[in-house]
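**Q** Below you'll find run38.pdb; it's PDB, C-alpha atoms.
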ATOM      1  CA  MET B   1     -63.196  12.987 -31.429  1.00  0.00           C
ATOM      2  CA  SER B   2     -60.017  14.960 -30.964  1.00  0.00           C
ATOM      3  CA  ASP B   3     -59.884  18.612 -32.008  1.00  0.00           C
ATOM      4  CA  GLU B   4     -56.903  17.615 -34.135  1.00  0.00           C
ATOM      5  CA  GLN B   5     -58.986  15.256 -36.297  1.00  0.00           C
ATOM      6  CA  ASN B   6     -61.664  15.777 -38.897  1.00  0.00           C
ATOM      7  CA  GLY B   7     -64.834  13.744 -39.302  1.00  0.00           C
ATOM      8  CA  ASN B   8     -62.979  10.887 -40.999  1.00  0.00           C
ATOM      9  CA  GLY B   9     -60.543  10.430 -38.126  1.00  0.00           C
ATOM     10  CA  VAL B  10     -57.719  11.868 -40.219  1.00  0.00           C
ATOM     11  CA  PRO B  11     -55.349  14.419 -38.596  1.00  0.00           C
ATOM     12  CA  THR B  12     -56.302  17.987 -39.446  1.00  0.00           C
ATOM     13  CA  PRO B  13     -53.827  19.509 -41.935  1.00  0.00           C
ATOM     14  CA  ARG B  14     -51.591  22.316 -40.775  1.00  0.00           C
ATOM     15  CA  ASP B  15     -52.622  25.806 -41.766  1.00  0.00           C
ATOM     16  CA  ASP B  16     -50.555  27.918 -44.148  1.00  0.00           C
ATOM     17  CA  SER B  17     -48.738  29.850 -41.432  1.00  0.00           C
ATOM     18  CA  GLY B  18     -45.104  29.077 -40.794  1.00  0.00           C
ATOM     19  CA  GLU B  19     -41.813  29.309 -42.598  1.00  0.00           C
ATOM     20  CA  VAL B  20     -41.346  27.658 -45.983  1.00  0.00           C
ATOM     21  CA  ILE B  21     -37.741  26.445 -46.203  1.00  0.00           C
ATOM     22  CA  GLY B  22     -37.892  24.463 -49.420  1.00  0.00           C
ATOM     23  CA  VAL B  23     -39.819  22.530 -52.046  1.00  0.00           C
ATOM     24  CA  ARG B  24     -39.496  18.764 -52.211  1.00  0.00           C
ATOM     25  CA  LYS B  25     -40.014  16.810 -55.418  1.00  0.00           C
ATOM     26  CA  GLY B  26     -40.639  13.081 -55.385  1.00  0.00           C
ATOM     27  CA  MET B  27     -40.994  10.868 -52.325  1.00  0.00           C
ATOM     28  CA  PHE B  28     -37.491  11.513 -50.971  1.00  0.00           C
ATOM     29  CA  GLY B  29     -36.476  14.761 -52.630  1.00  0.00           C
ATOM     30  CA  ALA B  30     -33.764  13.124 -54.708  1.00  0.00           C
ATOM     31  CA  ASP B  31     -32.613  15.067 -57.765  1.00  0.00           C
ATOM     32  CA  ASN B  32     -29.973  12.678 -59.098  1.00  0.00           C
ATOM     33  CA  GLY B  33     -32.168   9.821 -60.309  1.00  0.00           C
ATOM     34  CA  GLY B  34     -32.009   7.949 -57.009  1.00  0.00           C
ATOM     35  CA  ASP B  35     -35.761   8.121 -56.254  1.00  0.00           C
ATOM     36  CA  THR B  36     -37.139   4.744 -57.364  1.00  0.00           C
ATOM     37  CA  SER B  37     -40.387   5.029 -55.378  1.00  0.00           C
ATOM     38  CA  GLY B  38     -42.633   5.859 -58.340  1.00  0.00           C
ATOM     39  CA  TYR B  39     -43.641   9.190 -56.788  1.00  0.00           C
ATOM     40  CA  GLY B  40     -41.363  11.345 -58.919  1.00  0.00           C
ATOM     41  CA  GLY B  41     -44.216  13.706 -59.814  1.00  0.00           C
ATOM     42  CA  LEU B  42     -45.023  14.558 -56.187  1.00  0.00           C
ATOM     43  CA  VAL B  43     -44.293  18.215 -55.329  1.00  0.00           C
ATOM     44  CA  ARG B  44     -44.772  19.676 -51.855  1.00  0.00           C
ATOM     45  CA  THR B  45     -43.395  22.463 -49.725  1.00  0.00           C
ATOM     46  CA  VAL B  46     -41.291  21.936 -46.616  1.00  0.00           C
ATOM     47  CA  THR B  47     -42.762  24.220 -43.959  1.00  0.00           C
ATOM     48  CA  LEU B  48     -41.710  24.707 -40.357  1.00  0.00           C
ATOM     49  CA  PRO B  49     -44.566  25.778 -38.065  1.00  0.00           C
ATOM     50  CA  GLY B  50     -44.448  29.359 -36.859  1.00  0.00           C
ATOM     51  CA  ALA B  51     -44.618  30.611 -33.288  1.00  0.00           C
ATOM     52  CA  THR B  52     -47.962  30.187 -31.533  1.00  0.00           C
ATOM     53  CA  SER B  53     -49.670  33.105 -29.805  1.00  0.00           C
ATOM     54  CA  ARG B  54     -51.150  32.823 -26.355  1.00  0.00           C
ATOM     55  CA  PRO B  55     -53.282  31.366 -24.971  1.00  0.00           C
ATOM     56  CA  TYR B  56     -51.856  27.990 -25.905  1.00  0.00           C
ATOM     57  CA  GLY B  57     -54.710  26.086 -24.300  1.00  0.00           C
ATOM     58  CA  GLY B  58     -55.026  23.510 -21.520  1.00  0.00           C
ATOM     59  CA  TRP B  59     -52.007  22.974 -19.315  1.00  0.00           C
ATOM     60  CA  PHE B  60     -49.620  24.347 -21.962  1.00  0.00           C
ATOM     61  CA  ASP B  61     -49.960  27.874 -20.548  1.00  0.00           C
ATOM     62  CA  GLU B  62     -49.276  26.611 -17.028  1.00  0.00           C
ATOM     63  CA  VAL B  63     -46.037  24.923 -18.127  1.00  0.00           C
ATOM     64  CA  ALA B  64     -44.929  27.958 -20.160  1.00  0.00           C
ATOM     65  CA  ASP B  65     -45.658  30.362 -17.285  1.00  0.00           C
ATOM     66  CA  GLU B  66     -43.823  28.220 -14.756  1.00  0.00           C
ATOM     67  CA  LEU B  67     -40.796  27.752 -17.010  1.00  0.00           C
ATOM     68  CA  GLU B  68     -40.523  31.463 -17.776  1.00  0.00           C
ATOM     69  CA  GLY B  69     -40.913  32.356 -14.098  1.00  0.00           C
ATOM     70  CA  ALA B  70     -38.289  29.817 -13.023  1.00  0.00           C
ATOM     71  CA  LEU B  71     -35.799  31.148 -15.577  1.00  0.00           C
ATOM     72  CA  GLU B  72     -36.377  34.721 -14.415  1.00  0.00           C
ATOM     73  CA  GLU B  73     -35.613  33.624 -10.852  1.00  0.00           C
ATOM     74  CA  GLN B  74     -32.229  32.462 -12.178  1.00  0.00           C
ATOM     75  CA  ASP B  75     -31.630  35.876 -13.797  1.00  0.00           C
ATOM     76  CA  LEU B  76     -32.134  34.466 -17.292  1.00  0.00           C
ATOM     77  CA  LEU B  77     -34.542  36.332 -19.526  1.00  0.00           C
ATOM     78  CA  PRO B  78     -37.015  33.852 -21.040  1.00  0.00           C
ATOM     79  CA  ALA B  79     -36.768  35.629 -24.402  1.00  0.00           C
ATOM     80  CA  ASP B  80     -33.016  34.908 -24.465  1.00  0.00           C
ATOM     81  CA  ALA B  81     -33.499  31.180 -23.816  1.00  0.00           C
ATOM     82  CA  ILE B  82     -36.784  30.425 -25.612  1.00  0.00           C
ATOM     83  CA  GLU B  83     -36.595  31.376 -29.279  1.00  0.00           C
ATOM     84  CA  LYS B  84     -40.229  30.494 -29.924  1.00  0.00           C
ATOM     85  CA  THR B  85     -43.033  28.344 -28.568  1.00  0.00           C
ATOM     86  CA  VAL B  86     -45.037  26.200 -30.962  1.00  0.00           C
ATOM     87  CA  VAL B  87     -48.298  24.350 -30.410  1.00  0.00           C
ATOM     88  CA  ASP B  88     -48.822  22.093 -33.412  1.00  0.00           C
ATOM     89  CA  ARG B  89     -51.148  19.100 -33.631  1.00  0.00           C
ATOM     90  CA  ALA B  90     -51.857  19.218 -29.882  1.00  0.00           C
ATOM     91  CA  GLU B  91     -48.156  19.081 -28.987  1.00  0.00           C
ATOM     92  CA  LEU B  92     -46.088  21.714 -27.175  1.00  0.00           C
ATOM     93  CA  THR B  93     -42.551  22.473 -28.346  1.00  0.00           C
ATOM     94  CA  PHE B  94     -40.098  25.002 -26.929  1.00  0.00           C
ATOM     95  CA  PHE B  95     -37.357  26.065 -29.347  1.00  0.00           C
ATOM     96  CA  ILE B  96     -34.322  26.685 -27.134  1.00  0.00           C
ATOM     97  CA  ALA B  97     -31.123  28.637 -27.843  1.00  0.00           C
ATOM     98  CA  ARG B  98     -28.370  26.052 -27.665  1.00  0.00           C
ATOM     99  CA  GLU B  99     -26.236  28.006 -25.199  1.00  0.00           C
ATOM    100  CA  HIS B 100     -29.078  27.825 -22.657  1.00  0.00           C
ATOM    101  CA  LEU B 101     -30.167  24.238 -23.292  1.00  0.00           C
ATOM    102  CA  VAL B 102     -28.624  22.688 -20.182  1.00  0.00           C
ATOM    103  CA  GLN B 103     -30.060  25.331 -17.851  1.00  0.00           C
ATOM    104  CA  VAL B 104     -33.525  25.031 -19.367  1.00  0.00           C
ATOM    105  CA  ALA B 105     -33.456  21.226 -19.186  1.00  0.00           C
ATOM    106  CA  ARG B 106     -32.312  21.257 -15.576  1.00  0.00           C
ATOM    107  CA  THR B 107     -35.073  23.738 -14.721  1.00  0.00           C
ATOM    108  CA  LEU B 108     -37.687  21.558 -16.387  1.00  0.00           C
ATOM    109  CA  ARG B 109     -36.417  18.567 -14.439  1.00  0.00           C
ATOM    110  CA  ASP B 110     -36.046  20.122 -10.990  1.00  0.00           C
ATOM    111  CA  ASP B 111     -38.816  22.713 -10.649  1.00  0.00           C
ATOM    112  CA  PRO B 112     -41.601  21.148  -8.498  1.00  0.00           C
ATOM    113  CA  ALA B 113     -44.341  22.568 -10.712  1.00  0.00           C
ATOM    114  CA  LEU B 114     -42.715  21.143 -13.847  1.00  0.00           C
ATOM    115  CA  ARG B 115     -40.914  17.926 -12.891  1.00  0.00           C
ATOM    116  CA  PHE B 116     -40.060  16.578 -16.332  1.00  0.00           C
ATOM    117  CA  GLU B 117     -37.982  13.797 -14.840  1.00  0.00           C
ATOM    118  CA  LEU B 118     -37.515  11.669 -17.944  1.00  0.00           C
ATOM    119  CA  CYS B 119     -35.993  12.394 -21.348  1.00  0.00           C
ATOM    120  CA  THR B 120     -36.979   9.558 -23.675  1.00  0.00           C
ATOM    121  CA  GLY B 121     -34.259  10.397 -26.174  1.00  0.00           C
ATOM    122  CA  VAL B 122     -32.932  12.851 -28.707  1.00  0.00           C
ATOM    123  CA  SER B 123     -33.574  12.708 -32.450  1.00  0.00           C
ATOM    124  CA  GLY B 124     -31.696  14.490 -35.212  1.00  0.00           C
ATOM    125  CA  VAL B 125     -33.228  16.309 -38.177  1.00  0.00           C
ATOM    126  CA  HIS B 126     -31.438  17.858 -41.150  1.00  0.00           C
ATOM    127  CA  TYR B 127     -33.166  20.687 -43.026  1.00  0.00           C
ATOM    128  CA  LEU B 128     -30.976  21.747 -45.939  1.00  0.00           C
ATOM    129  CA  GLY B 129     -33.188  24.765 -46.606  1.00  0.00           C
ATOM    130  CA  ASP B 130     -33.125  26.065 -43.028  1.00  0.00           C
ATOM    131  CA  LYS B 131     -30.078  28.233 -43.635  1.00  0.00           C
ATOM    132  CA  GLY B 132     -27.899  28.880 -40.608  1.00  0.00           C
ATOM    133  CA  ARG B 133     -29.714  26.269 -38.515  1.00  0.00           C
ATOM    134  CA  GLU B 134     -29.692  23.207 -40.750  1.00  0.00           C
ATOM    135  CA  LEU B 135     -29.211  20.665 -37.960  1.00  0.00           C
ATOM    136  CA  HIS B 136     -31.897  20.201 -35.315  1.00  0.00           C
ATOM    137  CA  ALA B 137     -31.890  18.114 -32.144  1.00  0.00           C
ATOM    138  CA  VAL B 138     -35.310  17.202 -30.748  1.00  0.00           C
ATOM    139  CA  TYR B 139     -35.774  16.074 -27.137  1.00  0.00           C
ATOM    140  CA  HIS B 140     -38.928  14.442 -25.769  1.00  0.00           C
ATOM    141  CA  LEU B 141     -39.475  15.136 -22.069  1.00  0.00           C
ATOM    142  CA  ARG B 142     -42.038  13.368 -19.915  1.00  0.00           C
ATOM    143  CA  SER B 143     -43.298  14.362 -16.474  1.00  0.00           C
ATOM    144  CA  LEU B 144     -44.120  11.222 -14.519  1.00  0.00           C
ATOM    145  CA  THR B 145     -45.360  13.397 -11.660  1.00  0.00           C
ATOM    146  CA  HIS B 146     -47.863  15.409 -13.700  1.00  0.00           C
ATOM    147  CA  GLY B 147     -48.483  13.040 -16.614  1.00  0.00           C
ATOM    148  CA  ARG B 148     -47.344  15.509 -19.300  1.00  0.00           C
ATOM    149  CA  LEU B 149     -45.234  15.340 -22.447  1.00  0.00           C
ATOM    150  CA  ILE B 150     -43.399  18.236 -24.116  1.00  0.00           C
ATOM    151  CA  ARG B 151     -40.646  18.682 -26.650  1.00  0.00           C
ATOM    152  CA  LEU B 152     -37.493  20.786 -26.804  1.00  0.00           C
ATOM    153  CA  GLU B 153     -35.899  21.617 -30.134  1.00  0.00           C
ATOM    154  CA  VAL B 154     -32.423  23.090 -30.631  1.00  0.00           C
ATOM    155  CA  SER B 155     -30.725  24.062 -33.876  1.00  0.00           C
ATOM    156  CA  ALA B 156     -27.138  24.481 -35.069  1.00  0.00           C
ATOM    157  CA  PRO B 157     -25.611  25.343 -38.450  1.00  0.00           C
ATOM    158  CA  ASP B 158     -23.838  22.775 -40.610  1.00  0.00           C
ATOM    159  CA  SER B 159     -20.711  24.888 -40.238  1.00  0.00           C
ATOM    160  CA  ASP B 160     -20.781  24.680 -36.421  1.00  0.00           C
ATOM    161  CA  PRO B 161     -22.652  21.496 -35.434  1.00  0.00           C
ATOM    162  CA  HIS B 162     -22.170  21.829 -31.683  1.00  0.00           C
ATOM    163  CA  ILE B 163     -24.879  21.399 -29.027  1.00  0.00           C
ATOM    164  CA  PRO B 164     -24.319  20.948 -25.284  1.00  0.00           C
ATOM    165  CA  SER B 165     -24.731  17.392 -24.031  1.00  0.00           C
ATOM    166  CA  LEU B 166     -27.635  16.674 -21.682  1.00  0.00           C
ATOM    167  CA  VAL B 167     -26.133  13.486 -20.268  1.00  0.00           C
ATOM    168  CA  GLY B 168     -25.367  15.339 -17.030  1.00  0.00           C
ATOM    169  CA  VAL B 169     -29.069  16.188 -16.651  1.00  0.00           C
ATOM    170  CA  TYR B 170     -30.601  13.094 -18.233  1.00  0.00           C
ATOM    171  CA  PRO B 171     -28.107  10.178 -18.108  1.00  0.00           C
ATOM    172  CA  THR B 172     -30.374   8.089 -20.379  1.00  0.00           C
ATOM    173  CA  ASN B 173     -29.336  10.377 -23.244  1.00  0.00           C
ATOM    174  CA  ASP B 174     -25.877   8.780 -23.339  1.00  0.00           C
ATOM    175  CA  TRP B 175     -26.471   6.364 -26.218  1.00  0.00           C
ATOM    176  CA  HIS B 176     -29.153   8.520 -27.847  1.00  0.00           C
ATOM    177  CA  GLU B 177     -26.660  11.350 -28.300  1.00  0.00           C
ATOM    178  CA  ARG B 178     -24.091   8.911 -29.665  1.00  0.00           C
ATOM    179  CA  GLU B 179     -26.606   7.645 -32.234  1.00  0.00           C
ATOM    180  CA  THR B 180     -27.561  11.179 -33.276  1.00  0.00           C
ATOM    181  CA  TYR B 181     -23.881  12.058 -33.631  1.00  0.00           C
ATOM    182  CA  ASP B 182     -23.294   8.900 -35.654  1.00  0.00           C
ATOM    183  CA  PHE B 183     -26.075   9.567 -38.158  1.00  0.00           C
ATOM    184  CA  PHE B 184     -26.224  13.381 -38.290  1.00  0.00           C
ATOM    185  CA  GLY B 185     -22.801  14.606 -37.182  1.00  0.00           C
ATOM    186  CA  LEU B 186     -24.168  16.687 -34.310  1.00  0.00           C
ATOM    187  CA  ILE B 187     -21.381  17.116 -31.754  1.00  0.00           C
ATOM    188  CA  PHE B 188     -22.677  17.035 -28.179  1.00  0.00           C
ATOM    189  CA  ASP B 189     -20.124  18.992 -26.195  1.00  0.00           C
ATOM    190  CA  GLY B 190     -19.424  17.462 -22.794  1.00  0.00           C
ATOM    191  CA  HIS B 191     -20.548  13.945 -23.695  1.00  0.00           C
ATOM    192  CA  PRO B 192     -18.381  11.430 -21.793  1.00  0.00           C
ATOM    193  CA  ALA B 193     -17.610   9.235 -24.831  1.00  0.00           C
ATOM    194  CA  LEU B 194     -18.937  10.599 -28.104  1.00  0.00           C
ATOM    195  CA  THR B 195     -18.091   7.798 -30.555  1.00  0.00           C
ATOM    196  CA  ARG B 196     -19.963   6.017 -33.321  1.00  0.00           C
ATOM    197  CA  ILE B 197     -22.500   3.490 -32.123  1.00  0.00           C
ATOM    198  CA  MET B 198     -24.029   2.072 -35.324  1.00  0.00           C
ATOM    199  CA  MET B 199     -21.618   2.716 -38.187  1.00  0.00           C
ATOM    200  CA  PRO B 200     -18.006   1.443 -38.335  1.00  0.00           C
ATOM    201  CA  ASP B 201     -15.497   3.719 -36.617  1.00  0.00           C
ATOM    202  CA  ASP B 202     -13.853   4.630 -39.921  1.00  0.00           C
ATOM    203  CA  TRP B 203     -17.125   5.386 -41.784  1.00  0.00           C
ATOM    204  CA  GLN B 204     -16.997   8.577 -43.806  1.00  0.00           C
ATOM    205  CA  GLY B 205     -19.910  11.000 -43.458  1.00  0.00           C
ATOM    206  CA  PHE B 206     -23.237  10.909 -41.670  1.00  0.00           C
ATOM    207  CA  PRO B 207     -25.874   8.758 -43.414  1.00  0.00           C
ATOM    208  CA  GLN B 208     -29.025  10.525 -42.182  1.00  0.00           C
ATOM    209  CA  ARG B 209     -28.067  13.946 -43.521  1.00  0.00           C
ATOM    210  CA  LYS B 210     -30.061  15.123 -46.506  1.00  0.00           C
ATOM    211  CA  ASP B 211     -26.886  15.873 -48.472  1.00  0.00           C
ATOM    212  CA  TYR B 212     -25.565  12.330 -47.987  1.00  0.00           C
ATOM    213  CA  PRO B 213     -25.386  10.454 -51.332  1.00  0.00           C
ATOM    214  CA  LEU B 214     -28.539   8.462 -52.111  1.00  0.00           C
ATOM    215  CA  GLY B 215     -26.980   5.330 -53.558  1.00  0.00           C
ATOM    216  CA  GLY B 216     -23.635   4.781 -55.149  1.00  0.00           C
ATOM    217  CA  ILE B 217     -22.157   3.209 -51.998  1.00  0.00           C
ATOM    218  CA  ALA B 218     -20.995  -0.378 -52.354  1.00  0.00           C
ATOM    219  CA  VAL B 219     -22.535  -2.687 -49.744  1.00  0.00           C
ATOM    220  CA  GLU B 220     -21.440  -6.267 -49.113  1.00  0.00           C
ATOM    221  CA  TYR B 221     -23.616  -8.631 -47.096  1.00  0.00           C
ATOM    222  CA  LYS B 222     -22.336 -12.166 -46.407  1.00  0.00           C
ATOM    223  CA  GLY B 223     -20.303 -12.095 -49.575  1.00  0.00           C
ATOM    224  CA  ALA B 224     -23.144 -10.850 -51.809  1.00  0.00           C
ATOM    225  CA  GLN B 225     -22.970  -7.477 -53.491  1.00  0.00           C
ATOM    226  CA  ILE B 226     -26.128  -5.367 -53.082  1.00  0.00           C
ATOM    227  CA  PRO B 227     -26.727  -2.795 -55.838  1.00  0.00           C
ATOM    228  CA  ALA B 228     -26.911   0.808 -54.711  1.00  0.00           C
ATOM    229  CA  PRO B 229     -30.463   2.271 -54.682  1.00  0.00           C
ATOM    230  CA  ASP B 230     -29.876   4.271 -57.857  1.00  0.00           C
ATOM    231  CA  GLN B 231     -29.006   1.055 -59.692  1.00  0.00           C
ATOM    232  CA  ARG B 232     -32.034  -0.952 -58.618  1.00  0.00           C
ATOM    233  CA  ARG B 233     -35.295  -1.442 -60.466  1.00  0.00           C
ATOM    234  CA  SER B 234     -37.212   1.770 -61.161  1.00  0.00           C
ATOM    235  CA  TYR B 235     -41.001   1.955 -60.936  1.00  0.00           C
ATOM    236  CA  SER B 236     -41.497   5.338 -62.561  1.00  0.00           C
TER
END
Please re-express this file's structure in structure tokens.
**A**
Amino acid sequence: MSDEQNGNGVPTPRDDSGEVIGVRKGMFGADNGGDTSGYGGLVRTVTLPGATSRPYGGWFDEVADELEGALEEQDLLPADAIEKTVVDRAELTFFIAREHLVQVARTLRDDPALRFELCTGVSGVHYLGDKGRELHAVYHLRSLTHGRLIRLEVSAPDSDPHIPSLVGVYPTNDWHERETYDFFGLIFDGHPALTRIMMPDDWQGFPQRKDYPLGGIAVEYKGAQIPAPDQRRSYS
């Protein structure tokens, strides 16, 4: 049985440490009558995990030591590049300052002791309560050489949604960055062709943001009009 599971095979809940950035009511956090899930009475906090203290355990310390040492060799202080390191549910995440993202990613790819050769994509997250860093980009890196998986996370404010593109380091990120831009409005500086990939070119707004309207948008499918979510049947 994994250390991250209890006797019933259910993942162990997070502890109370971390940063509470909001309280969510209902299944989707809607406050305008758009939540038709039937879970309107559900109340829970939105908590980001805090930094983890050493030792991290297993090979996590080896990766962290090698990354910090490699950055120092490039005259970059690890504390300037790595905002915090989090071990949560047996996964290792480095929170990286956006101005150092490309250098950190290239180091993780090229250093022989690290060799994270593959980035399996980038995902966007929008935390309305995380003031000054509302938009997050999450990268999943895999080392085929060492059989390891880690995560990088970078944040940017709604008012300045710019993050350096990693297409030059990981070319497979080309369409992943376009999709994240399309849905979240994150602008990946240096991307060779940052255009919408899912939504129409003239679409207004970014549908995966938490402040995007839940319902109220007319949708036509093969001539049939589909009611907006806030006009559909309610189960509460």
**Q** Do you have, as a Markdown table, the list of residues of region 107-190 of chain B lying at most 12 Å from region 52-61 of chain B, each with its nearest atom pair and that distance in Å to one decimal, counting all atoms listed in the file and ordered by chain then number?
**A**
| residue | atom | partner | partner_atom | distance |
| --- | --- | --- | --- | --- |
| B:Ala113 | CA | B:Trp59 | CA | 11.5 |
| B:Leu114 | CA | B:Trp59 | CA | 10.9 |
| B:His146 | CA | B:Trp59 | CA | 10.3 |
| B:Gly147 | CA | B:Trp59 | CA | 10.9 |
| B:Arg148 | CA | B:Trp59 | CA | 8.8 |
| B:Leu149 | CA | B:Phe60 | CA | 10.0 |
| B:Ile150 | CA | B:Phe60 | CA | 9.0 |
| B:Arg151 | CA | B:Phe60 | CA | 11.6 |
**Q** Using all atoms listed in the file, pick whichever of B:His136, B:His176, B:Lys84, B:Arg142 has the shortest atom-to-atom distance to Leu108 (chain B).
**A**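 Once distances to Leu108 (chain B) are computed over all atoms listed in the file, the minimum belongs to B:Arg142.
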**Q** So which one's closest to Leu76 (chain B), B:Ala156, B:Val169, B:Leu92, B:Val104? Using all atoms listed in the file, please.
**A**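 Between B:Ala156, B:Val169, B:Leu92, B:Val104, the residue approaching Leu76 (chain B) most closely is B:Val104.
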**Q** When distances are computed from all atoms listed in the file, which of B:Ile163, B:Pro112, B:Lys210, B:Ala228 shows the smallest separation from Leu128 (chain B)?
**A**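 Result for the nearest residue to Leu128 (chain B): B:Lys210.
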**Q** For CA of Val102 (chain B) and CA of Ser123 (chain B), determine how far apart the two atoms are, in Å to one decimal place.
**A**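 Atom-to-atom, CA of Val102 (chain B) and CA of Ser123 (chain B) are spaced 16.6 Å apart.
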**Q** What would the selection look like, as number ranges by chain, if the PyMOL selection byres ((chain B and resi 180-189) around 10) were run on the coordinates I just shared?
**A** B: 121-126, 135-137, 155-158, 160-167, 175-179, 190-201, 203, 205-210, 212
**Q** Would you kindly translate the PyMOL selection byres ((chain B and resi 93) around 12) into the concrete residues it picks from this file, as a ChimeraX atom specification?
**A** /B:49-52,56,60,63-64,82-92,94-96,138-141,149-154
**Q** Find the distance between CA of Val23 (chain B) and CA of Tyr127 (chain B) and write it in Å to one decimal.
**A** 11.4 Å
**Q** Which of these, B:Asp174, B:Asp130, B:Glu72, B:Glu66, has the shortest distance to Asp110 (chain B) once you count all atoms listed in the file?
**A** B:Glu66
**Q** For the file shown, report as a PyMOL selection string the outcome of the PyMOL selection byres ((chain B and resi 22) around 8) at residue level.
**A** chain B and resi 20-21+23-24+45-47+129
**Q** What's the separation between CA of Glu19 (chain B) and CA of Ala79 (chain B), in Å to one decimal place?
**A**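 Going from CA of Glu19 (chain B) over to CA of Ala79 (chain B) covers 19.9 Å.
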**Q** Of the residues B:Pro227, B:Arg115, B:Leu48, B:Gly41, which is the one nearest to Ser17 (chain B), using all atoms listed in the file?
**A**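 Ranking B:Pro227, B:Arg115, B:Leu48, B:Gly41 by distance to Ser17 (chain B), first place goes to B:Leu48.
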**Q** Given only C-alpha atoms as the basis, pick out the residue of B:Ala81, B:Phe116, B:Arg44, B:Tyr39 nearest to Glu99 (chain B).
**A**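 Answer, going by the shortest atom-to-atom distance: B:Ala81.
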**Q** With 6 Å added on each side, what axis-aligned box encloses every listed atom of region 97-102 of chain B? Give the centre and edge lengths in Å to one decimal, as JSON.
**A**
{"center_x": -28.7, "center_y": 25.7, "center_z": -24.0, "size_x": 16.9, "size_y": 17.9, "size_z": 19.7}
**Q** Applying 9 Å and all atoms listed in the file, which residues near Val43 (chain B) remain after dropping the ones on its own chain fewer than 3 positions away? List them as a PDB file with C-alpha atoms, in the frame of the given file.
**A**
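So result32.pdb came out as:
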ATOM      1  CA  VAL B  23     -39.819  22.530 -52.046  1.00  0.00           C
ATOM      2  CA  ARG B  24     -39.496  18.764 -52.211  1.00  0.00           C
ATOM      3  CA  LYS B  25     -40.014  16.810 -55.418  1.00  0.00           C
ATOM      4  CA  GLY B  26     -40.639  13.081 -55.385  1.00  0.00           C
ATOM      5  CA  MET B  27     -40.994  10.868 -52.325  1.00  0.00           C
ATOM      6  CA  GLY B  29     -36.476  14.761 -52.630  1.00  0.00           C
ATOM      7  CA  GLY B  40     -41.363  11.345 -58.919  1.00  0.00           C
TER       8      GLY B  40
END
**Q** Can you pull region 105-115 of chain B out of that block with N, CA, C and O atoms and hand it back as a CSV table (one decimal), in the first residue's frame?
**A**
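Produced file out36.csv, reproduced below:
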chain,number,residue,atom,x,y,z
B,105,ALA,N,14.3,25.1,-17.5
B,105,ALA,CA,13.8,24.0,-18.3
B,105,ALA,C,15.0,23.5,-19.1
B,105,ALA,O,15.1,22.2,-19.3
B,106,ARG,N,15.8,24.3,-19.7
B,106,ARG,CA,16.9,23.9,-20.5
B,106,ARG,C,17.9,23.1,-19.6
B,106,ARG,O,18.5,22.1,-20.0
B,107,THR,N,18.1,23.5,-18.3
B,107,THR,CA,19.0,22.9,-17.4
B,107,THR,C,18.4,21.5,-17.1
B,107,THR,O,19.2,20.5,-17.1
B,108,LEU,N,17.1,21.4,-16.8
B,108,LEU,CA,16.5,20.1,-16.5
B,108,LEU,C,16.6,19.1,-17.7
B,108,LEU,O,16.8,17.9,-17.5
B,109,ARG,N,16.6,19.7,-18.9
B,109,ARG,CA,16.7,18.8,-20.1
B,109,ARG,C,18.1,18.4,-20.4
B,109,ARG,O,18.3,17.2,-20.7
B,110,ASP,N,19.1,19.2,-20.2
B,110,ASP,CA,20.4,19.0,-20.7
B,110,ASP,C,21.4,18.4,-19.7
B,110,ASP,O,22.4,17.7,-20.0
B,111,ASP,N,21.2,18.7,-18.4
B,111,ASP,CA,22.1,18.2,-17.4
B,111,ASP,C,22.1,16.7,-17.3
B,111,ASP,O,21.0,16.0,-17.2
B,112,PRO,N,23.2,16.0,-17.4
B,112,PRO,CA,23.3,14.5,-17.5
B,112,PRO,C,22.7,13.8,-16.3
B,112,PRO,O,22.1,12.7,-16.4
B,113,ALA,N,22.7,14.5,-15.1
B,113,ALA,CA,22.2,13.8,-13.9
B,113,ALA,C,20.6,14.1,-13.8
B,113,ALA,O,20.0,13.5,-13.0
B,114,LEU,N,20.1,14.9,-14.7
B,114,LEU,CA,18.7,15.2,-14.6
B,114,LEU,C,18.0,14.6,-15.9
B,114,LEU,O,17.1,13.8,-15.7
B,115,ARG,N,18.3,15.1,-17.0
B,115,ARG,CA,17.8,14.5,-18.3
B,115,ARG,C,16.3,14.4,-18.4
B,115,ARG,O,15.8,13.3,-18.7
